>>> print(open('model_15.txt').read())   # compact mmCIF, C-alpha atoms
# COMPACT_ATOMS: atom_id res chain seq x y z
CA MET V 1 11.75 16.71 14.71
CA SER V 2 15.47 16.03 14.41
CA VAL V 3 16.28 13.43 11.79
CA GLY V 4 19.95 13.13 12.60
CA LYS V 5 21.69 10.82 10.16
CA LEU V 6 18.44 9.68 8.54
CA LYS V 7 18.66 10.51 4.84
CA GLU V 8 15.94 12.28 2.93
CA LEU V 9 13.98 10.39 0.29
CA ARG V 10 14.10 12.03 -3.11
CA ILE V 11 11.72 11.01 -5.88
CA GLY V 12 12.39 13.27 -8.81
CA ASN V 13 11.90 16.84 -7.60
CA LEU V 14 10.03 15.71 -4.48
CA THR V 15 11.91 15.43 -1.19
CA ALA V 16 10.53 13.72 1.90
CA ARG V 17 12.40 14.76 5.04
CA ILE V 18 11.87 11.30 6.52
CA PRO V 19 12.23 8.33 4.09
CA VAL V 20 8.98 6.68 5.19
CA ILE V 21 6.02 6.10 2.88
CA GLN V 22 2.75 5.17 4.56
CA GLY V 23 1.36 2.23 2.63
CA GLY V 24 -1.99 2.62 0.89
CA MET V 25 -4.50 0.41 2.69
CA GLY V 26 -8.01 -0.28 1.42
CA VAL V 27 -10.85 -0.51 1.91
CA GLY V 28 -11.09 2.84 3.70
CA ILE V 29 -8.15 2.26 6.07
CA SER V 30 -5.87 5.01 4.73
CA LEU V 31 -7.75 8.09 3.64
CA ALA V 32 -7.10 11.83 3.91
CA GLY V 33 -6.74 11.96 7.69
CA LEU V 34 -3.94 9.43 7.93
CA ALA V 35 -2.20 10.49 4.73
CA ALA V 36 -2.10 14.15 5.76
CA ALA V 37 -0.82 13.33 9.24
CA VAL V 38 2.10 11.33 7.82
CA SER V 39 2.90 14.07 5.31
CA ASN V 40 2.90 16.69 8.06
CA GLU V 41 5.57 14.68 9.89
CA GLY V 42 7.86 14.71 6.86
CA GLY V 43 6.95 11.35 5.33
CA ILE V 44 4.78 10.54 2.32
CA GLY V 45 1.10 9.97 3.05
CA VAL V 46 -0.95 7.73 0.78
CA ILE V 47 -4.68 7.48 0.13
CA ALA V 48 -5.95 4.05 -0.97
CA ALA V 49 -8.31 4.21 -3.95
CA ALA V 50 -9.77 0.70 -3.58
CA GLY V 51 -13.42 0.95 -2.56
CA ILE V 52 -13.00 4.60 -1.66
CA GLY V 53 -16.54 5.44 -2.74
CA MET V 54 -18.25 3.25 -0.13
CA PRO V 55 -19.48 6.20 2.02
CA GLU V 56 -21.26 7.74 -0.98
CA SER V 57 -25.05 7.32 -0.92
CA ASP V 58 -25.17 6.09 -4.52
CA PHE V 59 -22.25 3.67 -4.23
CA PHE V 60 -24.27 0.60 -5.23
CA THR V 61 -26.19 2.27 -8.02
CA ASN V 62 -23.39 4.42 -9.44
CA TYR V 63 -20.18 2.61 -8.58
CA LEU V 64 -17.92 4.46 -11.02
CA GLY V 65 -19.27 7.91 -10.25
CA ALA V 66 -19.23 7.38 -6.50
CA ASN V 67 -15.59 6.29 -6.50
CA ILE V 68 -14.46 9.18 -8.69
CA ARG V 69 -16.33 11.66 -6.51
CA ALA V 70 -14.95 10.18 -3.30
CA LEU V 71 -11.36 10.16 -4.53
CA LYS V 72 -11.66 13.83 -5.46
CA LYS V 73 -13.05 14.61 -2.00
CA GLU V 74 -10.27 12.76 -0.17
CA ILE V 75 -7.48 14.39 -2.17
CA LYS V 76 -9.00 17.85 -1.64
CA LYS V 77 -9.48 17.13 2.06
CA ALA V 78 -5.87 15.99 2.44
CA ARG V 79 -4.60 19.07 0.60
CA LYS V 80 -6.35 21.29 3.13
CA LEU V 81 -4.68 19.42 5.97
CA THR V 82 -1.09 19.33 4.69
CA LYS V 83 1.42 21.00 2.41
CA GLY V 84 3.47 17.82 2.36
CA ILE V 85 3.79 15.06 -0.23
CA LEU V 86 0.65 13.06 -0.98
CA GLY V 87 0.22 9.88 -2.98
CA VAL V 88 -2.61 7.60 -4.09
CA ASN V 89 -2.38 3.81 -4.22
CA ILE V 90 -4.33 2.42 -7.19
CA MET V 91 -4.39 -1.33 -7.81
CA VAL V 92 -4.00 -2.44 -11.42
CA ALA V 93 -6.61 -5.14 -10.75
CA LEU V 94 -9.35 -2.57 -10.07
CA SER V 95 -11.98 -2.61 -12.77
CA ASN V 96 -12.10 1.20 -12.52
CA TYR V 97 -8.30 1.51 -12.62
CA ALA V 98 -8.09 3.98 -15.50
CA ASP V 99 -10.81 6.20 -14.00
CA MET V 100 -9.01 6.33 -10.67
CA VAL V 101 -5.69 7.19 -12.31
CA THR V 102 -7.09 9.97 -14.48
CA THR V 103 -8.99 11.37 -11.48
CA ALA V 104 -5.85 11.43 -9.32
CA VAL V 105 -3.92 13.12 -12.12
CA ALA V 106 -6.62 15.75 -12.60
CA GLU V 107 -6.58 16.49 -8.85
CA GLY V 108 -2.84 17.13 -8.94
CA ILE V 109 -1.73 14.23 -6.74
CA ASP V 110 2.05 14.10 -6.24
CA ILE V 111 2.62 10.35 -6.65
CA ILE V 112 0.68 7.37 -7.98
CA PHE V 113 1.68 4.03 -6.45
CA SER V 114 0.42 1.09 -8.49
CA GLY V 115 0.59 -2.63 -7.72
CA GLY V 116 -1.84 -5.54 -7.60
CA GLY V 117 -0.65 -6.50 -11.08
CA LEU V 118 1.95 -4.99 -13.38
CA PRO V 119 1.13 -1.40 -14.40
CA LEU V 120 2.63 -1.93 -17.85
CA ASP V 121 0.81 0.95 -19.54
CA LEU V 122 0.29 3.34 -16.66
CA PRO V 123 2.21 6.19 -18.39
CA GLN V 124 -0.25 6.33 -21.28
CA LEU V 125 -2.97 7.45 -18.87
CA LEU V 126 -1.06 10.69 -18.28
CA LYS V 127 -1.53 13.53 -20.71
CA SER V 128 1.91 14.99 -20.10
CA GLU V 129 5.19 14.27 -18.35
CA SER V 130 4.49 17.10 -15.90
CA GLY V 131 1.93 14.98 -14.03
CA PRO V 132 2.47 12.94 -10.88
CA LYS V 133 5.44 10.72 -10.19
CA LEU V 134 4.74 7.11 -11.14
CA VAL V 135 5.87 4.39 -8.74
CA PRO V 136 5.09 0.74 -9.54
CA ILE V 137 4.94 -1.82 -6.73
CA VAL V 138 6.68 -5.09 -7.58
CA SER V 139 7.56 -8.35 -5.85
CA SER V 140 10.64 -9.32 -7.89
CA GLY V 141 13.58 -7.94 -9.82
CA ARG V 142 12.14 -9.52 -12.96
CA ALA V 143 8.92 -7.53 -12.61
CA ALA V 144 10.92 -4.31 -12.14
CA ARG V 145 12.94 -5.06 -15.29
CA ILE V 146 9.83 -5.83 -17.35
CA ILE V 147 8.20 -2.54 -16.33
CA CYS V 148 11.33 -0.50 -17.02
CA LYS V 149 11.75 -2.12 -20.43
CA ARG V 150 8.09 -1.64 -21.38
CA TRP V 151 7.91 1.97 -20.19
CA SER V 152 11.18 2.99 -21.85
CA GLU V 153 10.33 1.36 -25.19
CA ARG V 154 6.65 2.22 -25.48
CA HIS V 155 6.23 5.33 -23.36
CA GLU V 156 9.69 6.93 -23.41
CA ARG V 157 9.90 7.22 -19.65
CA LEU V 158 10.93 5.21 -16.62
CA PRO V 159 9.46 4.78 -13.15
CA ASP V 160 10.27 7.65 -10.82
CA ALA V 161 10.85 5.08 -8.07
CA VAL V 162 10.06 1.42 -7.45
CA VAL V 163 8.51 -0.13 -4.33
CA VAL V 164 9.51 -3.75 -3.79
CA GLU V 165 7.08 -5.50 -1.45
CA GLY V 166 8.20 -8.68 0.26
CA PRO V 167 6.19 -11.67 1.49
CA MET V 168 5.64 -10.33 5.03
CA ALA V 169 3.31 -7.58 3.86
CA GLY V 170 -0.37 -7.41 4.74
CA GLY V 171 -3.30 -7.69 2.38
CA HIS V 172 -2.99 -9.18 -1.07
CA LEU V 173 0.47 -10.51 -1.87
CA GLY V 174 2.24 -10.79 -5.21
CA PHE V 175 3.57 -14.27 -4.52
CA LYS V 176 2.47 -17.85 -4.92
CA PRO V 177 1.60 -19.44 -1.55
CA GLY V 178 4.74 -21.59 -1.53
CA GLU V 179 6.96 -18.57 -2.10
CA LEU V 180 5.88 -16.85 1.12
CA THR V 181 8.13 -19.07 3.23
CA ASP V 182 10.84 -19.52 0.60
CA GLY V 183 13.98 -17.73 1.74
CA ASP V 184 14.79 -16.80 -1.86
CA HIS V 185 11.91 -14.32 -1.73
CA ASP V 186 12.84 -12.61 1.55
CA LEU V 187 12.81 -8.84 1.31
CA GLU V 188 16.50 -8.78 2.26
CA LYS V 189 17.21 -10.59 -1.03
CA LEU V 190 14.60 -8.80 -3.13
CA VAL V 191 15.90 -5.27 -2.47
CA PRO V 192 19.43 -5.85 -3.88
CA GLU V 193 17.88 -7.88 -6.72
CA VAL V 194 15.60 -5.04 -7.78
CA ILE V 195 18.41 -2.50 -7.47
CA ALA V 196 20.58 -4.65 -9.76
CA GLU V 197 17.81 -5.09 -12.34
CA ILE V 198 17.06 -1.38 -12.70
CA ARG V 199 20.68 -0.17 -12.63
CA PRO V 200 21.23 -0.71 -16.39
CA PHE V 201 18.23 1.54 -17.11
CA GLU V 202 19.53 4.22 -14.75
CA GLU V 203 22.92 4.13 -16.49
CA LYS V 204 21.49 4.09 -20.02
CA TYR V 205 19.11 7.01 -19.48
CA GLY V 206 21.11 8.95 -16.89
CA VAL V 207 18.41 8.92 -14.21
CA SER V 208 18.03 7.83 -10.61
CA ILE V 209 15.30 5.32 -9.73
CA PRO V 210 15.17 4.98 -5.94
CA VAL V 211 14.08 1.61 -4.59
CA ILE V 212 11.69 1.54 -1.64
CA ALA V 213 11.59 -1.53 0.64
CA ALA V 214 8.19 -2.72 1.89
CA GLY V 215 6.62 -5.64 3.71
CA GLY V 216 7.25 -6.47 7.37
CA ILE V 217 9.17 -3.28 8.21
CA TYR V 218 8.20 -2.28 11.73
CA THR V 219 10.94 -0.41 13.59
CA GLY V 220 13.64 2.19 13.11
CA ARG V 221 16.12 -0.66 13.26
CA ASP V 222 14.35 -2.24 10.28
CA ILE V 223 14.60 1.05 8.41
CA SER V 224 18.33 1.17 9.08
CA LYS V 225 18.79 -2.39 7.83
CA PHE V 226 17.13 -1.79 4.49
CA LEU V 227 18.80 1.55 3.90
CA GLN V 228 22.13 -0.22 4.42
CA LEU V 229 21.05 -2.76 1.79
CA GLY V 230 20.70 0.08 -0.69
CA ALA V 231 17.05 1.08 -0.36
CA ALA V 232 16.36 4.80 -0.54
CA GLY V 233 13.41 4.54 1.82
CA VAL V 234 10.76 2.22 3.24
CA GLN V 235 7.03 1.77 2.99
CA MET V 236 5.09 0.86 6.14
CA GLY V 237 1.40 0.01 6.33
CA THR V 238 0.66 -2.14 9.36
CA ARG V 239 2.47 0.19 11.74
CA PHE V 240 0.15 3.08 10.85
CA VAL V 241 -3.08 1.17 11.51
CA THR V 242 -2.83 1.57 15.27
CA THR V 243 -2.64 5.36 15.14
CA ASN V 244 -5.26 7.89 16.17
CA GLU V 245 -5.37 9.28 12.65
CA CYS V 246 -5.94 5.96 10.86
CA ASN V 247 -9.36 5.92 9.24
CA ALA V 248 -10.30 2.41 10.43
CA SER V 249 -12.76 1.81 13.26
CA ASN V 250 -11.54 1.37 16.83
CA GLU V 251 -12.63 -2.28 16.63
CA PHE V 252 -10.38 -2.80 13.60
CA LYS V 253 -7.41 -1.28 15.43
CA GLN V 254 -8.18 -3.34 18.54
CA ALA V 255 -8.04 -6.51 16.44
CA TYR V 256 -4.36 -5.71 15.85
CA ILE V 257 -3.67 -5.06 19.52
CA ASP V 258 -5.48 -8.23 20.63
CA SER V 259 -3.85 -10.48 18.02
CA ARG V 260 -1.16 -13.03 18.77
CA GLU V 261 1.56 -14.14 16.40
CA GLU V 262 -0.29 -17.36 15.58
CA ASP V 263 -3.38 -15.32 14.62
CA ILE V 264 -1.64 -13.78 11.61
CA ILE V 265 -2.47 -16.16 8.78
CA VAL V 266 -2.37 -16.37 5.00
CA ILE V 267 -5.72 -16.89 3.30
CA LYS V 268 -6.84 -17.68 -0.21
CA SER V 269 -8.58 -14.54 -1.44
CA PRO V 270 -11.45 -14.50 -3.96
CA VAL V 271 -9.30 -12.25 -6.16
CA GLY V 272 -6.88 -15.08 -6.88
CA MET V 273 -3.97 -13.98 -4.70
CA PRO V 274 -2.91 -15.09 -1.24
CA GLY V 275 -3.62 -12.50 1.44
CA ARG V 276 -2.38 -11.99 4.99
CA ALA V 277 -5.00 -11.31 7.62
CA ILE V 278 -5.89 -11.68 11.29
CA ARG V 279 -7.70 -14.94 11.96
CA ASN V 280 -11.22 -14.63 13.35
CA GLN V 281 -14.54 -16.49 13.36
CA PHE V 282 -15.44 -15.22 9.89
CA LEU V 283 -12.28 -16.70 8.38
CA ASP V 284 -12.69 -19.89 10.40
CA ASP V 285 -16.19 -20.29 8.97
CA VAL V 286 -14.89 -19.83 5.43
CA SER V 287 -12.07 -22.33 5.93
CA ASN V 288 -14.64 -24.82 7.24
CA GLY V 289 -16.62 -24.56 4.03
CA LYS V 290 -19.35 -22.19 5.14
CA LYS V 291 -20.54 -19.66 2.59
CA LYS V 292 -21.42 -16.05 3.31
CA PRO V 293 -24.34 -15.22 0.97
CA TYR V 294 -24.03 -11.98 -0.96
CA LYS V 295 -24.85 -10.22 -4.18
CA CYS V 296 -21.99 -8.72 -6.17
CA PRO V 297 -22.97 -5.06 -6.72
CA TYR V 298 -20.09 -4.44 -9.09
CA HIS V 299 -17.23 -6.59 -10.34
CA CYS V 300 -14.70 -4.33 -8.57
CA ILE V 301 -11.62 -6.55 -8.98
CA LYS V 302 -10.94 -7.91 -12.46
CA THR V 303 -9.50 -11.17 -11.17
CA CYS V 304 -12.26 -11.90 -8.63
CA ASP V 305 -14.09 -15.18 -9.28
CA PHE V 306 -17.20 -13.79 -7.62
CA LYS V 307 -19.52 -16.49 -8.99
CA LYS V 308 -17.64 -19.24 -7.13
CA SER V 309 -16.35 -17.34 -4.10
CA PRO V 310 -17.80 -18.22 -0.66
CA TYR V 311 -17.84 -14.52 0.29
CA CYS V 312 -17.41 -11.03 -1.15
CA ILE V 313 -13.94 -9.68 -0.40
CA PHE V 314 -15.19 -6.11 -0.72
CA PHE V 315 -18.04 -6.49 1.78
CA ALA V 316 -15.75 -8.37 4.17
CA LEU V 317 -13.25 -5.50 4.15
CA VAL V 318 -15.92 -2.81 4.38
CA ASN V 319 -17.46 -4.54 7.38
CA ALA V 320 -14.07 -4.80 9.06
CA GLN V 321 -13.28 -1.14 8.44
CA ARG V 322 -16.57 -0.26 10.12
CA GLY V 323 -15.88 -2.55 13.07
CA LYS V 324 -18.29 -5.32 12.08
CA LEU V 325 -15.70 -8.07 12.35
CA ARG V 326 -18.26 -10.85 12.70
CA ASN V 327 -19.02 -10.20 9.04
CA GLY V 328 -15.50 -9.50 7.85
CA PHE V 329 -11.82 -9.59 8.70
CA ALA V 330 -8.78 -7.33 8.97
CA PHE V 331 -5.89 -7.57 6.56
CA ALA V 332 -2.58 -7.15 8.40
CA GLY V 333 1.16 -7.52 7.96
CA ALA V 334 3.17 -10.30 9.58
CA ASN V 335 4.14 -8.06 12.49
CA ALA V 336 0.64 -6.83 13.37
CA PHE V 337 0.69 -8.83 16.62
CA ARG V 338 3.46 -6.56 17.91
CA ALA V 339 1.04 -3.64 18.28
CA THR V 340 0.27 -2.85 21.94
CA GLU V 341 -1.38 0.56 21.89
CA ILE V 342 -2.89 3.28 19.73
CA VAL V 343 -0.60 6.28 19.33
CA SER V 344 -0.48 9.48 17.32
CA VAL V 345 1.28 9.58 13.96
CA HIS V 346 3.59 12.22 15.43
CA ASP V 347 4.66 9.92 18.28
CA LEU V 348 5.08 6.98 15.91
CA MET V 349 7.28 8.91 13.48
CA THR V 350 9.30 10.32 16.36
CA SER V 351 9.91 6.84 17.77
CA LEU V 352 10.93 5.47 14.35
CA VAL V 353 13.51 8.23 13.93
CA ARG V 354 14.79 7.72 17.48
CA GLU V 355 15.13 3.97 16.97
CA TYR V 356 16.97 4.56 13.71
CA GLU V 357 19.39 7.00 15.32
CA GLU V 358 20.07 4.60 18.20
CA THR V 359 20.87 1.87 15.68
CA GLU V 360 23.28 4.13 13.82
CA GLU V 361 25.20 5.28 16.91
>>> encode(input="model_15.txt", output="C-alpha cells")
Amino acid sequence: MSVGKLKELRIGNLTARIPVIQGGMGVGISLAGLAAAVSNEGGIGVIAAAGIGMPESDFFTNYLGANIRALKKEIKKARKLTKGILGVNIMVALSNYADMVTTAVAEGIDIIFSGGGLPLDLPQLLKSESGPKLVPIVSSGRAARIICKRWSERHERLPDAVVVEGPMAGGHLGFKPGELTDGDHDLEKLVPEVIAEIRPFEEKYGVSIPVIAAGGIYTGRDISKFLQLGAAGVQMGTRFVTTNECNASNEFKQAYIDSREEDIIVIKSPVGMPGRAIRNQFLDDVSNGKKKPYKCPYHCIKTCDFKKSPYCIFFALVNAQRGKLRNGFAFAGANAFRATEIVSVHDLMTSLVREYEETEE
C-alpha cells in the first residue's frame, strides 16, 4: 500500500507506517482478529481488556482468573497473526485493572492504552522501563498536564504518547453531559490544548510525546485535518466495527448500518459517565423507567452503582456483542450512522489513505 505523503506515527522506538490506531472496544468488539488485521495493514491494532474473559467457561465463578487467561490467549493469538504493533486498552475503572496491566506486560504487549479515569500510577505496575509503551487517554489538556506532572515526579518517566478523545467518541465519555455540545470541548480545540500542555515537559526532559486525536474521526479528510492541527496520528474505533475482521456479531454490525443520525444518542450509564450508543427498544425501555432484572456476578467497574442501576452494563454489552440486541445495545461513535456496508480492514485502510492523499493534493 502506498502511503504517499502520509507521515508515519512514531511512539518511542515503535513506528507505524500508517498513523492510525484502532480504538480498543469492549466488551469483545476488538479482539485478536481485528487488532492483527489493522497491524498487518501498517496501523496499530488494539485488544480491549474490558470483559475479555466472557467466553471462558468459569467466567462467573472465577472472574479474575478467566479474564487473565483470556487476555493471554488473545495476545498470543494476535502475535501469531501479525508481526506488527499491538496494543491493549485497559480502563482505569476496571476492578481488575492492575491484573490486566501486569498480564499485558508479562505477555510482551507493545503498548498499553489507558483511559476511563486518570492512570496516575500506571508506571508503578511495570517492573522496568523496558516494558510496553504507556499511552494515557485524556479528554482535556489539564488531564494531560496532571498525568505528566505525576509521572515525572513520582515515577521518573513520562507518557510515550497521549490520546486525546473528544466528545464525539463512542462508548463511555470523559465529559459531563453538558460539555458534549459545548464548542469549547470540540476535538479541534482539545488537540492544540493538549499539545500546549505537554510541550513544557517535552522541553524539560528532552523527549517527544506525540498526541493522538480521537473521537468522531471517520475519513482520510478527517485524518488530514487533525494532522494539520499538530496531531501525530489518529485513533478510530467506530469505523472498524463494520469490517469483516471485527469480533462483534453480524447483528451488532448491522445495527450500525441500519442506524440513522437521530438514532445516535447519549445515555446515562450505570458506571457514572455519559455514553454514546445506538438507540433501540432496550434503551427506550430503560428511559421509560423499566428495569432489567439481573444479578451482578462481579463488581467489574469500580464506579458502577450496581445496586441502584436499572440494568447491568456488562450484560447489556455482552448481549449486544453476541447479537442479542433485544437484551442489550451497541455503543457507537457520533458518525456510526454513516456506515453503509461491511468491508475488509485492508479495503478500509486503503480508502483512508486514498482519501488523505486526495485531500493533500
>>> residues_around(input="model_15.txt", residues="Glu179 of chain V", least_positions_apart="2", cutoff="12 Å", atoms="all atoms listed in the file", output="VMD selection string")
chain V and resid 139 to 140 166 to 168 173 to 177 181 to 187 266 274
>>> closest_residue(input="model_15.txt", among="V:Glu203, V:Glu262, V:Glu245, V:Asp58", to="Ser344 of chain V", atoms="all atoms listed in the file")
V:Glu245
>>> closest_residue(input="model_15.txt", among="V:Arg10, V:Lys5, V:Arg354, V:Lys253", to="Pro210 of chain V", atoms="only C-alpha atoms")
V:Arg10
>>> closest_residue(input="model_15.txt", among="V:Asn13, V:Gln254, V:Asn40, V:Thr238", to="Phe331 of chain V", atoms="all atoms listed in the file")
V:Thr238
>>> closest_residue(input="model_15.txt", among="V:Asn288, V:Thr350, V:Gln22, V:Thr359", to="Val163 of chain V", atoms="only C-alpha atoms")
V:Gln22
>>> residues_near_point(input="model_15.txt", point="(-13.1, -6.9, 6.3)", cutoff="8 Å", atoms="only C-alpha atoms", output="ChimeraX atom specification")
/V:313-321,324-325,327-331
>>> residues_around(input="model_15.txt", residues="Glu74 of chain V", least_positions_apart="3", cutoff="9 Å", atoms="all atoms listed in the file", output="list in words")
Leu31, Ala32, Gly33, Ile47, Ile52, Arg69, Ala70, Leu71, Lys77, Ala78 and Arg79 of chain V
>>> residues_around(input="model_15.txt", residues="segment 123-126 of chain V", least_positions_apart="4", cutoff="12 Å", atoms="all atoms listed in the file", output="short mmCIF file (atom, residue, chain, number, x, y, z; two decimals) with C-alpha atoms, in the coordinates of the input")
data_model
loop_
_atom_site.label_atom_id
_atom_site.label_comp_id
_atom_site.auth_asym_id
_atom_site.auth_seq_id
_atom_site.Cartn_x
_atom_site.Cartn_y
_atom_site.Cartn_z
CA TYR V 97 -8.30 1.51 -12.62
CA ALA V 98 -8.09 3.98 -15.50
CA ASP V 99 -10.81 6.20 -14.00
CA MET V 100 -9.01 6.33 -10.67
CA VAL V 101 -5.69 7.19 -12.31
CA THR V 102 -7.09 9.97 -14.48
CA THR V 103 -8.99 11.37 -11.48
CA ALA V 104 -5.85 11.43 -9.32
CA VAL V 105 -3.92 13.12 -12.12
CA ALA V 106 -6.62 15.75 -12.60
CA GLY V 108 -2.84 17.13 -8.94
CA ILE V 112 0.68 7.37 -7.98
CA SER V 114 0.42 1.09 -8.49
CA PRO V 119 1.13 -1.40 -14.40
CA SER V 130 4.49 17.10 -15.90
CA GLY V 131 1.93 14.98 -14.03
CA PRO V 132 2.47 12.94 -10.88
CA LYS V 133 5.44 10.72 -10.19
CA LEU V 134 4.74 7.11 -11.14
CA VAL V 135 5.87 4.39 -8.74
CA PRO V 136 5.09 0.74 -9.54
CA ILE V 147 8.20 -2.54 -16.33
CA CYS V 148 11.33 -0.50 -17.02
CA ARG V 150 8.09 -1.64 -21.38
CA TRP V 151 7.91 1.97 -20.19
CA SER V 152 11.18 2.99 -21.85
CA GLU V 153 10.33 1.36 -25.19
CA ARG V 154 6.65 2.22 -25.48
CA HIS V 155 6.23 5.33 -23.36
CA GLU V 156 9.69 6.93 -23.41
CA ARG V 157 9.90 7.22 -19.65
CA LEU V 158 10.93 5.21 -16.62
CA PRO V 159 9.46 4.78 -13.15
CA ASP V 160 10.27 7.65 -10.82
#
>>> atom_distance(input="model_15.txt", atom1="atom CA of Gly43 of chain V", atom2="atom CA of Tyr256 of chain V")
23.0 Å
>>> atom_distance(input="model_15.txt", atom1="atom CA of Glu107 of chain V", atom2="atom CA of Lys127 of chain V")
13.2 Å
>>> closest_residue(input="model_15.txt", among="V:Gly237, V:Gly87, V:Pro200, V:Gly116", to="Gly215 of chain V", atoms="all atoms listed in the file")
V:Gly237
